[in-house]
>>> print(open('run04.json').read())   # JSON, C-alpha atoms and all ligand atoms
[["chain", "number", "residue", "atom", "x", "y", "z"],
["A", 1, "MET", "CA", -14.61, -1.09, -12.92],
["A", 2, "ILE", "CA", -15.44, -2.91, -9.71],
["A", 3, "GLU", "CA", -18.91, -4.19, -8.90],
["A", 4, "VAL", "CA", -19.53, -5.24, -5.34],
["A", 5, "ARG", "CA", -22.67, -7.34, -4.96],
["A", 6, "ASN", "CA", -24.31, -8.45, -1.73],
["A", 7, "LEU", "CA", -20.96, -8.42, 0.03],
["A", 8, "THR", "CA", -21.12, -9.74, 3.58],
["A", 9, "LYS", "CA", -18.24, -10.42, 5.91],
["A", 10, "ILE", "CA", -18.77, -12.25, 9.16],
["A", 11, "TYR", "CA", -15.62, -12.72, 11.22],
["A", 12, "PRO", "CA", -14.99, -16.13, 12.84],
["A", 13, "ASN", "CA", -16.09, -14.73, 16.22],
["A", 14, "GLY", "CA", -19.49, -13.86, 14.73],
["A", 15, "THR", "CA", -18.96, -10.10, 14.30],
["A", 16, "LYS", "CA", -20.55, -8.75, 11.16],
["A", 17, "GLY", "CA", -17.96, -6.55, 9.47],
["A", 18, "LEU", "CA", -19.99, -5.94, 6.31],
["A", 19, "ASP", "CA", -23.69, -6.48, 5.78],
["A", 20, "ASP", "CA", -25.01, -6.92, 2.21],
["A", 21, "VAL", "CA", -23.04, -4.13, 0.55],
["A", 22, "ASN", "CA", -23.83, -3.24, -3.07],
["A", 23, "VAL", "CA", -21.77, -0.62, -4.89],
["A", 24, "THR", "CA", -20.12, -0.02, -8.25],
["A", 25, "ILE", "CA", -16.80, 1.77, -8.43],
["A", 26, "GLY", "CA", -16.08, 3.37, -11.79],
["A", 27, "ASP", "CA", -12.69, 3.85, -13.42],
["A", 28, "GLY", "CA", -10.86, 6.95, -12.28],
["A", 29, "GLU", "CA", -13.09, 7.80, -9.31],
["A", 30, "PHE", "CA", -11.77, 9.42, -6.12],
["A", 31, "ILE", "CA", -13.87, 7.99, -3.31],
["A", 32, "CYS", "CA", -13.67, 8.63, 0.42],
["A", 33, "VAL", "CA", -15.13, 6.07, 2.79],
["A", 34, "ILE", "CA", -16.43, 7.43, 6.09],
["A", 35, "GLY", "CA", -18.11, 6.08, 9.21],
["A", 36, "LEU", "CA", -17.61, 5.55, 12.92],
["A", 37, "SER", "CA", -14.89, 3.33, 14.29],
["A", 38, "GLY", "CA", -16.03, -0.24, 13.69],
["A", 39, "ALA", "CA", -18.39, 0.71, 10.84],
["A", 40, "GLY", "CA", -16.64, -1.63, 8.39],
["A", 41, "LYS", "CA", -14.39, 0.75, 6.41],
["A", 42, "SER", "CA", -11.23, -1.34, 6.73],
["A", 43, "THR", "CA", -13.12, -4.57, 6.19],
["A", 44, "PHE", "CA", -14.53, -3.14, 2.95],
["A", 45, "LEU", "CA", -11.13, -2.12, 1.59],
["A", 46, "ARG", "CA", -9.48, -5.34, 2.69],
["A", 47, "CYS", "CA", -12.15, -7.46, 0.99],
["A", 48, "ILE", "CA", -11.52, -5.68, -2.31],
["A", 49, "ASN", "CA", -7.89, -6.77, -2.51],
["A", 50, "ARG", "CA", -8.56, -10.00, -0.63],
["A", 51, "LEU", "CA", -6.58, -9.25, 2.50],
["A", 52, "ASN", "CA", -9.90, -10.35, 3.98],
["A", 53, "ASP", "CA", -12.07, -13.06, 2.48],
["A", 54, "ALA", "CA", -15.72, -12.19, 2.10],
["A", 55, "THR", "CA", -18.21, -14.58, 3.68],
["A", 56, "SER", "CA", -20.66, -14.18, 0.80],
["A", 57, "GLY", "CA", -21.28, -11.97, -2.19],
["A", 58, "GLN", "CA", -19.34, -11.10, -5.28],
["A", 59, "ILE", "CA", -16.59, -8.66, -6.20],
["A", 60, "LEU", "CA", -16.46, -8.32, -9.97],
["A", 61, "VAL", "CA", -13.35, -6.69, -11.38],
["A", 62, "ASP", "CA", -13.93, -5.97, -15.07],
["A", 63, "GLY", "CA", -16.68, -8.56, -14.95],
["A", 64, "GLU", "CA", -14.65, -11.31, -13.31],
["A", 65, "ASP", "CA", -15.51, -12.50, -9.80],
["A", 66, "ILE", "CA", -12.40, -12.20, -7.69],
["A", 67, "ALA", "CA", -13.99, -13.01, -4.34],
["A", 68, "HIS", "CA", -12.69, -16.57, -4.67],
["A", 69, "ALA", "CA", -9.69, -16.08, -6.98],
["A", 70, "GLN", "CA", -6.62, -18.13, -6.09],
["A", 71, "GLY", "CA", -3.02, -18.55, -7.26],
["A", 72, "PRO", "CA", -1.96, -16.67, -10.41],
["A", 73, "LYS", "CA", -5.35, -14.97, -10.73],
["A", 74, "LEU", "CA", -5.13, -13.57, -7.23],
["A", 75, "ARG", "CA", -1.56, -12.46, -7.85],
["A", 76, "ALA", "CA", -2.61, -10.68, -11.05],
["A", 77, "LEU", "CA", -5.40, -8.95, -9.18],
["A", 78, "ARG", "CA", -3.17, -7.81, -6.31],
["A", 79, "ARG", "CA", -0.55, -6.55, -8.72],
["A", 80, "ARG", "CA", -2.92, -3.89, -10.03],
["A", 81, "ILE", "CA", -4.20, -2.79, -6.62],
["A", 82, "GLY", "CA", -1.90, -0.74, -4.43],
["A", 83, "PHE", "CA", -2.65, -0.74, -0.70],
["A", 84, "VAL", "CA", -1.55, 2.03, 1.66],
["A", 85, "PHE", "CA", -1.75, 1.21, 5.38],
["A", 86, "GLN", "CA", -2.17, 3.49, 8.35],
["A", 87, "GLN", "CA", 1.09, 2.17, 9.83],
["A", 88, "PHE", "CA", 2.97, 2.37, 6.49],
["A", 89, "ASN", "CA", 4.04, -1.34, 6.55],
["A", 90, "LEU", "CA", 7.53, -0.63, 5.25],
["A", 91, "SER", "CA", 10.74, -2.58, 5.78],
["A", 92, "THR", "CA", 12.34, 0.08, 7.94],
["A", 93, "ARG", "CA", 15.88, -1.30, 7.67],
["A", 94, "LEU", "CA", 15.81, -1.03, 3.87],
["A", 95, "THR", "CA", 16.17, 2.12, 1.78],
["A", 96, "ALA", "CA", 13.32, 4.09, 0.30],
["A", 97, "GLU", "CA", 14.21, 2.74, -3.15],
["A", 98, "GLU", "CA", 14.30, -0.89, -1.95],
["A", 99, "ASN", "CA", 10.87, -0.47, -0.39],
["A", 100, "VAL", "CA", 9.41, 1.07, -3.52],
["A", 101, "LEU", "CA", 10.99, -1.64, -5.69],
["A", 102, "SER", "CA", 9.10, -4.24, -3.67],
["A", 103, "GLY", "CA", 6.00, -2.80, -5.34],
["A", 104, "ARG", "CA", 7.34, -4.42, -8.50],
["A", 105, "LEU", "CA", 7.48, -7.94, -7.01],
["A", 106, "GLY", "CA", 4.11, -8.88, -8.44],
["A", 107, "TYR", "CA", 5.63, -8.64, -11.91],
["A", 108, "HIS", "CA", 8.37, -11.18, -11.19],
["A", 109, "ASN", "CA", 8.54, -14.75, -10.01],
["A", 110, "ARG", "CA", 9.22, -15.33, -6.35],
["A", 111, "PHE", "CA", 12.82, -16.41, -6.93],
["A", 112, "ALA", "CA", 13.75, -13.20, -8.75],
["A", 113, "GLY", "CA", 12.02, -11.24, -6.01],
["A", 114, "LEU", "CA", 13.97, -12.97, -3.24],
["A", 115, "LEU", "CA", 17.23, -12.24, -5.00],
["A", 116, "GLY", "CA", 16.26, -8.65, -5.66],
["A", 117, "LEU", "CA", 16.66, -9.13, -9.40],
["A", 118, "TYR", "CA", 14.89, -5.99, -10.49],
["A", 119, "THR", "CA", 15.02, -4.77, -14.07],
["A", 120, "ALA", "CA", 16.13, -1.37, -15.35],
["A", 121, "ASP", "CA", 12.45, -0.66, -15.98],
["A", 122, "ASP", "CA", 11.62, -1.46, -12.33],
["A", 123, "ARG", "CA", 14.32, 0.92, -11.14],
["A", 124, "GLN", "CA", 13.12, 3.64, -13.45],
["A", 125, "ARG", "CA", 9.55, 3.26, -12.17],
["A", 126, "ALA", "CA", 10.76, 3.33, -8.57],
["A", 127, "ALA", "CA", 12.74, 6.51, -9.21],
["A", 128, "GLU", "CA", 9.75, 8.10, -10.93],
["A", 129, "ALA", "CA", 7.45, 7.12, -8.05],
["A", 130, "LEU", "CA", 9.77, 8.63, -5.45],
["A", 131, "ARG", "CA", 10.08, 11.78, -7.53],
["A", 132, "ARG", "CA", 6.29, 12.04, -7.75],
["A", 133, "VAL", "CA", 5.94, 11.99, -3.97],
["A", 134, "GLY", "CA", 8.72, 14.56, -3.56],
["A", 135, "LEU", "CA", 11.39, 12.19, -2.25],
["A", 136, "ALA", "CA", 13.86, 12.12, -5.17],
["A", 137, "ASP", "CA", 16.63, 13.09, -2.76],
["A", 138, "LYS", "CA", 15.83, 10.24, -0.32],
["A", 139, "VAL", "CA", 16.26, 7.29, -2.70],
["A", 140, "SER", "CA", 19.19, 5.78, -0.81],
["A", 141, "VAL", "CA", 18.13, 6.72, 2.70],
["A", 142, "ARG", "CA", 17.10, 3.98, 5.10],
["A", 143, "VAL", "CA", 13.43, 4.26, 5.92],
["A", 144, "ASP", "CA", 14.03, 4.33, 9.69],
["A", 145, "GLN", "CA", 15.84, 7.62, 9.13],
["A", 146, "LEU", "CA", 12.80, 9.25, 7.53],
["A", 147, "SER", "CA", 9.99, 11.13, 9.26],
["A", 148, "GLY", "CA", 6.53, 9.57, 9.52],
["A", 149, "GLY", "CA", 5.21, 11.75, 6.71],
["A", 150, "GLN", "CA", 8.14, 10.78, 4.50],
["A", 151, "GLN", "CA", 7.64, 7.11, 5.33],
["A", 152, "GLN", "CA", 4.00, 7.31, 4.29],
["A", 153, "ARG", "CA", 5.07, 8.96, 1.04],
["A", 154, "VAL", "CA", 7.45, 6.03, 0.44],
["A", 155, "ALA", "CA", 4.50, 3.68, 1.01],
["A", 156, "ILE", "CA", 2.39, 5.62, -1.50],
["A", 157, "ALA", "CA", 5.30, 5.55, -3.98],
["A", 158, "ARG", "CA", 5.46, 1.78, -3.52],
["A", 159, "ALA", "CA", 1.76, 1.51, -4.37],
["A", 160, "PHE", "CA", 2.25, 3.75, -7.43],
["A", 161, "ALA", "CA", 5.25, 1.71, -8.61],
["A", 162, "GLN", "CA", 2.91, -1.26, -8.95],
["A", 163, "ASN", "CA", 1.38, 0.52, -11.95],
["A", 164, "PRO", "CA", -2.01, 0.09, -10.29],
["A", 165, "THR", "CA", -5.45, 0.77, -11.69],
["A", 166, "LEU", "CA", -6.68, 1.22, -8.13],
["A", 167, "ILE", "CA", -5.09, 2.48, -4.91],
["A", 168, "LEU", "CA", -6.77, 1.57, -1.61],
["A", 169, "ALA", "CA", -5.64, 3.68, 1.35],
["A", 170, "ASP", "CA", -6.80, 2.79, 4.87],
["A", 171, "GLU", "CA", -6.61, 5.96, 6.97],
["A", 172, "PRO", "CA", -3.22, 6.86, 5.48],
["A", 173, "MET", "CA", -2.87, 10.01, 7.57],
["A", 174, "ALA", "CA", -4.16, 8.69, 10.90],
["A", 175, "SER", "CA", -0.65, 8.08, 12.29],
["A", 176, "LEU", "CA", 0.63, 11.48, 11.17],
["A", 177, "ASP", "CA", 0.51, 15.07, 12.31],
["A", 178, "PRO", "CA", -2.84, 16.47, 11.06],
["A", 179, "LYS", "CA", -0.91, 19.13, 9.14],
["A", 180, "LEU", "CA", 0.31, 16.38, 6.80],
["A", 181, "SER", "CA", -3.19, 15.25, 5.85],
["A", 182, "ASN", "CA", -3.40, 17.67, 2.95],
["A", 183, "VAL", "CA", -0.01, 16.54, 1.66],
["A", 184, "ILE", "CA", -1.08, 12.90, 1.65],
["A", 185, "MET", "CA", -4.50, 13.63, 0.11],
["A", 186, "GLY", "CA", -2.87, 15.93, -2.46],
["A", 187, "ILE", "CA", -0.49, 13.19, -3.60],
["A", 188, "LEU", "CA", -3.35, 10.69, -3.90],
["A", 189, "LYS", "CA", -5.33, 13.27, -5.88],
["A", 190, "GLU", "CA", -2.40, 13.77, -8.26],
["A", 191, "PHE", "CA", -2.22, 10.03, -8.92],
["A", 192, "ASN", "CA", -5.98, 10.01, -9.43],
["A", 193, "LYS", "CA", -5.54, 12.63, -12.19],
["A", 194, "ASP", "CA", -3.42, 10.03, -14.02],
["A", 195, "GLY", "CA", -6.54, 7.86, -14.16],
["A", 196, "ILE", "CA", -5.88, 5.67, -11.11],
["A", 197, "SER", "CA", -9.03, 5.07, -9.06],
["A", 198, "VAL", "CA", -8.55, 5.90, -5.38],
["A", 199, "LEU", "CA", -10.51, 4.73, -2.34],
["A", 200, "VAL", "CA", -9.51, 6.33, 0.95],
["A", 201, "ASN", "CA", -10.84, 5.46, 4.39],
["A", 202, "ILE", "CA", -10.84, 8.60, 6.40],
["A", 203, "HIS", "CA", -12.00, 9.80, 9.79],
["A", 204, "VAL", "CA", -11.96, 13.54, 9.17],
["A", 205, "LEU", "CA", -15.19, 14.50, 7.42],
["A", 206, "GLU", "CA", -13.89, 17.88, 6.18],
["A", 207, "LEU", "CA", -11.03, 16.18, 4.34],
["A", 208, "ALA", "CA", -13.41, 13.70, 2.76],
["A", 209, "THR", "CA", -15.72, 16.41, 1.46],
["A", 210, "GLN", "CA", -12.78, 18.51, 0.28],
["A", 211, "TYR", "CA", -11.14, 15.82, -1.85],
["A", 212, "ALA", "CA", -13.73, 13.20, -2.78],
["A", 213, "ASP", "CA", -15.82, 13.09, -5.96],
["A", 214, "ARG", "CA", -17.97, 10.57, -4.17],
["A", 215, "ILE", "CA", -18.47, 9.51, -0.59],
["A", 216, "LEU", "CA", -19.45, 6.12, 0.78],
["A", 217, "GLY", "CA", -20.82, 6.17, 4.32],
["A", 218, "PHE", "CA", -20.87, 2.99, 6.41],
["A", 219, "ASN", "CA", -22.80, 2.32, 9.59],
["A", 220, "LYS", "CA", -22.54, -1.03, 11.37],
["A", 221, "GLY", "CA", -21.39, -2.79, 8.22],
["A", 222, "ARG", "CA", -24.10, -1.35, 6.01],
["A", 223, "LEU", "CA", -23.58, 1.12, 3.21],
["A", 224, "VAL", "CA", -25.95, 3.91, 4.26],
["A", 225, "PHE", "CA", -24.76, 6.75, 2.01],
["A", 226, "ASP", "CA", -23.44, 6.83, -1.55],
["A", 227, "GLY", "CA", -23.26, 10.19, -3.25],
["A", 228, "PRO", "CA", -21.27, 13.36, -3.93],
["A", 229, "PRO", "CA", -20.09, 15.52, -1.03],
["A", 230, "SER", "CA", -22.79, 18.06, -1.94],
["A", 231, "ALA", "CA", -25.49, 15.50, -1.04],
["A", 232, "LEU", "CA", -24.07, 15.05, 2.44],
["A", 233, "THR", "CA", -26.74, 16.98, 4.35],
["A", 234, "PRO", "CA", -26.74, 17.20, 8.17],
["A", 235, "SER", "CA", -29.41, 14.49, 8.35],
["A", 236, "GLU", "CA", -27.33, 12.18, 6.12],
["A", 237, "ILE", "CA", -24.31, 12.84, 8.31],
["A", 238, "ASP", "CA", -26.41, 11.95, 11.36],
["A", 239, "ARG", "CA", -27.46, 8.73, 9.69],
["A", 240, "ILE", "CA", -23.88, 7.74, 8.91],
["A", 241, "TYR", "CA", -22.65, 8.55, 12.41],
["A", 242, "ALA", "CA", -25.70, 7.17, 14.23],
["A", 243, "GLY", "CA", -25.01, 4.99, 17.26],
["A", 244, "SER", "CA", -22.04, 5.34, 19.52],
["A", 245, "VAL", "CA", -18.81, 3.44, 19.24],
["A", 246, "ALA", "CA", -19.77, 1.64, 22.44],
["A", 247, "ASP", "CA", -22.82, 0.11, 20.70],
["A", 248, "LEU", "CA", -20.71, -1.66, 18.14],
["A", 301, "LIG", "N1", -10.12, -9.64, 12.70],
["A", 301, "LIG", "C1", -11.31, -9.36, 13.23],
["A", 301, "LIG", "N2", -11.95, -10.28, 14.00],
["A", 301, "LIG", "C2", -13.17, -10.03, 14.51],
["A", 301, "LIG", "N3", -13.84, -8.89, 14.33],
["A", 301, "LIG", "C3", -13.25, -7.94, 13.57],
["A", 301, "LIG", "C4", -11.96, -8.13, 12.99],
["A", 301, "LIG", "N4", -11.64, -7.01, 12.30],
["A", 301, "LIG", "C5", -12.67, -6.17, 12.45],
["A", 301, "LIG", "N5", -13.64, -6.72, 13.20],
["A", 301, "LIG", "C6", -14.94, -6.13, 13.58],
["A", 301, "LIG", "O1", -15.65, -5.83, 12.37],
["A", 301, "LIG", "C7", -16.30, -4.57, 12.48],
["A", 301, "LIG", "C8", -15.80, -3.64, 11.39],
["A", 301, "LIG", "O2", -14.43, -3.36, 11.67],
["A", 301, "LIG", "P1", -13.51, -2.46, 10.74],
["A", 301, "LIG", "O3", -12.13, -2.62, 11.23],
["A", 301, "LIG", "O4", -13.79, -2.79, 9.32],
["A", 301, "LIG", "O5", -14.08, -1.00, 11.07],
["A", 301, "LIG", "P2", -13.50, 0.43, 10.66],
["A", 301, "LIG", "O6", -14.65, 1.20, 10.11],
["A", 301, "LIG", "O7", -12.31, 0.27, 9.80],
["A", 301, "LIG", "O8", -13.09, 1.04, 12.07],
["A", 301, "LIG", "P3", -11.88, 2.05, 12.45],
["A", 301, "LIG", "O9", -12.36, 3.42, 12.07],
["A", 301, "LIG", "O10", -11.74, 1.90, 13.93],
["A", 301, "LIG", "O11", -10.66, 1.64, 11.71],
["A", 301, "LIG", "C9", -16.05, -4.08, 13.91],
["A", 301, "LIG", "O12", -17.12, -4.48, 14.71],
["A", 301, "LIG", "C10", -14.78, -4.80, 14.31],
["A", 301, "LIG", "O13", -14.72, -5.00, 15.70],
["A", 302, "MG", "MG", -10.34, 0.80, 10.02]]
>>> encode(input="run04.json", output="structure tokens")
Amino acid sequence: MIEVRNLTKIYPNGTKGLDDVNVTIGDGEFICVIGLSGAGKSTFLRCINRLNDATSGQILVDGEDIAHAQGPKLRALRRRIGFVFQQFNLSTRLTAEENVLSGRLGYHNRFAGLLGLYTADDRQRAAEALRRVGLADKVSVRVDQLSGGQQQRVAIARAFAQNPTLILADEPMASLDPKLSNVIMGILKEFNKDGISVLVNIHVLELATQYADRILGFNKGRLVFDGPPSALTPSEIDRIYAGSVADL
């Protein structure tokens, strides 16, 4: 369980990315995060796994404040949180398997990681992850020879290979043909059925309401909606999407 308390992020240039956000994320939830461009969706996800440091507030993971965790504690936290990026963030000159294996690095010391000293268990998990995303036949293929949709599936397999309790996905389908959105959301939903909590930033409202158990709506850094898709009335939608991108 993750408890976010009074979370505020002010960037060095003075921009407020998040403004006093309070939310509790339960185990096994499938949450979609919506809002205009610049609303704070990415900042929110990146604060949870500490790609961004919060300016103030607390992020309690199973009761422990991780907002200021360092060293081994931070490593242990990151190990259990998979992150899926819009631009995949793969090593394109390496194979699908090598990329997925890098999801296991958090379980080894840096030296073993540099030498690629993966265990049989790591390899088995990587193979399982690639099978789960439908890429069992691409294990040895270099990532730059895969389509965008396949590359994103490798990235999701990498997150799954971490044996995460939580997967954070920041607009994972935004760089892909819209037809692939359901494939990506379907895979995330399958992993969620295994008990992994999933938080997805998403632009397309219909996809969010179709897949999410719960929706978080951000507007100018503030959490302005928190509820099931069924509670997303037209006036709530207006509130979330109030203000133009140019105002931000
Ligand atoms: N590195 C940064 N430095 C300064 N300001 C930033 C930085 N990253 C984000 N911001 C600002 O913080 C606010 C929230 O940005 P964020 O990227 O979290 O929004 P978003 O909801 O993910 O938008 P998008 O839908 O375009 O991805 C915006 O005003 C943005 O300009
Ligand atoms: Mg974003």
>>> residues_near_ligand(input="run04.json", ligand="ligand MG 302 (chain A)", cutoff="9 Å", atoms="all atoms listed in the file", output="list of chain:residue names")
A:Ser37, A:Gly38, A:Ala39, A:Gly40, A:Lys41, A:Ser42, A:Thr43, A:Leu45, A:Gln86, A:Asp170, A:Glu171, A:Asn201, A:Ile202
>>> atom_distance(input="run04.json", atom1="atom CA of A:Ile59", atom2="atom CA of A:Gln152")
28.1 Å
>>> residues_around(input="run04.json", residues="A:Ala136", least_positions_apart="6", cutoff="10 Å", atoms="only C-alpha atoms", output="JSON, numbers by chain")
{"A": [96, 97, 126, 127, 128, 129, 130]}
>>> write_last_selection(input="run04.json", atoms="C-alpha atoms", output="PDB file, keeping the file's coordinate frame")
ATOM      1  CA  ALA A  96      13.320   4.090   0.300  1.00  0.00           C
ATOM      2  CA  GLU A  97      14.210   2.740  -3.150  1.00  0.00           C
ATOM      3  CA  ALA A 126      10.760   3.330  -8.570  1.00  0.00           C
ATOM      4  CA  ALA A 127      12.740   6.510  -9.210  1.00  0.00           C
ATOM      5  CA  GLU A 128       9.750   8.100 -10.930  1.00  0.00           C
ATOM      6  CA  ALA A 129       7.450   7.120  -8.050  1.00  0.00           C
ATOM      7  CA  LEU A 130       9.770   8.630  -5.450  1.00  0.00           C
TER       8      LEU A 130
END
>>> residues_around(input="run04.json", residues="A:Cys32", least_positions_apart="6", cutoff="6 Å", atoms="only C-alpha atoms", output="PyMOL selection string")
chain A and resi 199-201+208+212+215
>>> residues_around(input="run04.json", residues="A:His68", least_positions_apart="5", cutoff="10 Å", atoms="all atoms listed in the file", output="list in words")
Arg50, Asp53, Ala54, Ser56, Gln58, Ile59, Lys73 and Leu74 of chain A
>>> closest_residue(input="run04.json", among="A:Gly103, A:Phe160, A:Leu36, A:Leu115", to="A:Arg239", atoms="only C-alpha atoms")
A:Leu36
>>> closest_residue(input="run04.json", among="A:Leu223, A:Ile10, A:Leu180, A:Ile156", to="A:Val23", atoms="all atoms listed in the file")
A:Leu223
>>> closest_residue(input="run04.json", among="A:Val198, A:Leu105, A:Met173, A:Val33", to="A:Phe85", atoms="all atoms listed in the file")
A:Met173
>>> residues_around(input="run04.json", residues="A:Phe225", least_positions_apart="4", cutoff="12 Å", atoms="only C-alpha atoms", output="list of chain:residue names")
A:Val21, A:Asn22, A:Val23, A:Cys32, A:Val33, A:Ile34, A:Gly35, A:Arg214, A:Ile215, A:Leu216, A:Gly217, A:Phe218, A:Asn219, A:Gly221, A:Pro229, A:Ala231, A:Leu232, A:Thr233, A:Ser235, A:Glu236, A:Ile237, A:Asp238, A:Arg239, A:Ile240, A:Tyr241
>>> atom_distance(input="run04.json", atom1="atom O13 of ligand LIG 301 (chain A)", atom2="atom CA of A:Ala67")
21.6 Å
>>> closest_residue(input="run04.json", among="A:Thr119, A:Thr15, A:Asn49, A:Gln162", to="A:Ile2", atoms="all atoms listed in the file")
A:Asn49
>>> closest_residue(input="run04.json", among="A:Ser91, A:Thr8, A:Gln210, A:Ser197", to="ligand LIG 301 (chain A)", atoms="only C-alpha atoms and all ligand atoms")
A:Thr8
>>> decode(input="run04.json", residues="stretch 76-83 of chain A", atoms="all heavy atoms", output="CSV table (one decimal), in the first residue's frame")
chain,number,residue,atom,x,y,z
A,76,ALA,N,16.2,-1.0,-2.9
A,76,ALA,CA,15.1,-2.0,-2.6
A,76,ALA,C,13.8,-1.5,-3.0
A,76,ALA,O,12.9,-2.3,-3.5
A,76,ALA,CB,15.2,-2.3,-1.1
A,77,LEU,N,13.5,-0.2,-2.9
A,77,LEU,CA,12.2,0.3,-3.3
A,77,LEU,C,12.1,0.2,-4.8
A,77,LEU,O,11.1,-0.3,-5.3
A,77,LEU,CB,12.2,1.8,-2.9
A,77,LEU,CG,11.1,2.6,-3.6
A,77,LEU,CD1,9.7,2.4,-2.9
A,77,LEU,CD2,11.4,4.1,-3.6
A,78,ARG,N,13.1,0.7,-5.5
A,78,ARG,CA,13.0,0.7,-7.0
A,78,ARG,C,12.9,-0.7,-7.6
A,78,ARG,O,12.3,-0.9,-8.7
A,78,ARG,CB,14.3,1.4,-7.6
A,78,ARG,CG,14.3,2.8,-7.3
A,78,ARG,CD,14.8,3.6,-8.6
A,78,ARG,NE,14.7,5.0,-8.4
A,78,ARG,CZ,15.7,5.8,-8.2
A,78,ARG,NH1,16.9,5.3,-8.1
A,78,ARG,NH2,15.6,7.1,-8.1
A,79,ARG,N,13.5,-1.7,-6.9
A,79,ARG,CA,13.5,-3.0,-7.4
A,79,ARG,C,12.0,-3.5,-7.5
A,79,ARG,O,11.7,-4.3,-8.4
A,79,ARG,CB,14.2,-3.8,-6.3
A,79,ARG,CG,14.4,-5.3,-6.6
A,79,ARG,CD,15.6,-5.8,-5.8
A,79,ARG,NE,15.2,-5.9,-4.4
A,79,ARG,CZ,16.2,-6.1,-3.4
A,79,ARG,NH1,17.4,-6.1,-3.7
A,79,ARG,NH2,15.8,-6.2,-2.2
A,80,ARG,N,11.2,-3.1,-6.6
A,80,ARG,CA,9.8,-3.6,-6.6
A,80,ARG,C,8.8,-2.7,-7.4
A,80,ARG,O,7.6,-3.0,-7.4
A,80,ARG,CB,9.3,-3.8,-5.2
A,80,ARG,CG,10.2,-4.7,-4.3
A,80,ARG,CD,10.5,-6.1,-5.0
A,80,ARG,NE,9.3,-6.9,-5.3
A,80,ARG,CZ,8.7,-7.7,-4.4
A,80,ARG,NH1,9.2,-7.9,-3.2
A,80,ARG,NH2,7.7,-8.5,-4.7
A,81,ILE,N,9.4,-1.7,-8.0
A,81,ILE,CA,8.5,-0.8,-8.8
A,81,ILE,C,9.0,-0.8,-10.3
A,81,ILE,O,10.1,-0.4,-10.5
A,81,ILE,CB,8.5,0.6,-8.3
A,81,ILE,CG1,8.0,0.7,-6.8
A,81,ILE,CG2,7.6,1.5,-9.2
A,81,ILE,CD1,8.0,2.0,-6.2
A,82,GLY,N,8.2,-1.4,-11.2
A,82,GLY,CA,8.6,-1.4,-12.6
A,82,GLY,C,8.1,-0.1,-13.2
A,82,GLY,O,7.0,0.4,-12.9
A,83,PHE,N,8.9,0.5,-14.1
A,83,PHE,CA,8.5,1.8,-14.7
A,83,PHE,C,8.5,1.6,-16.3
A,83,PHE,O,9.5,1.1,-16.8
A,83,PHE,CB,9.5,2.9,-14.3
A,83,PHE,CG,8.8,4.3,-14.5
A,83,PHE,CD1,8.3,4.9,-13.3
A,83,PHE,CD2,8.7,4.9,-15.7
A,83,PHE,CE1,7.8,6.2,-13.4
A,83,PHE,CE2,8.2,6.2,-15.8
A,83,PHE,CZ,7.7,6.8,-14.7
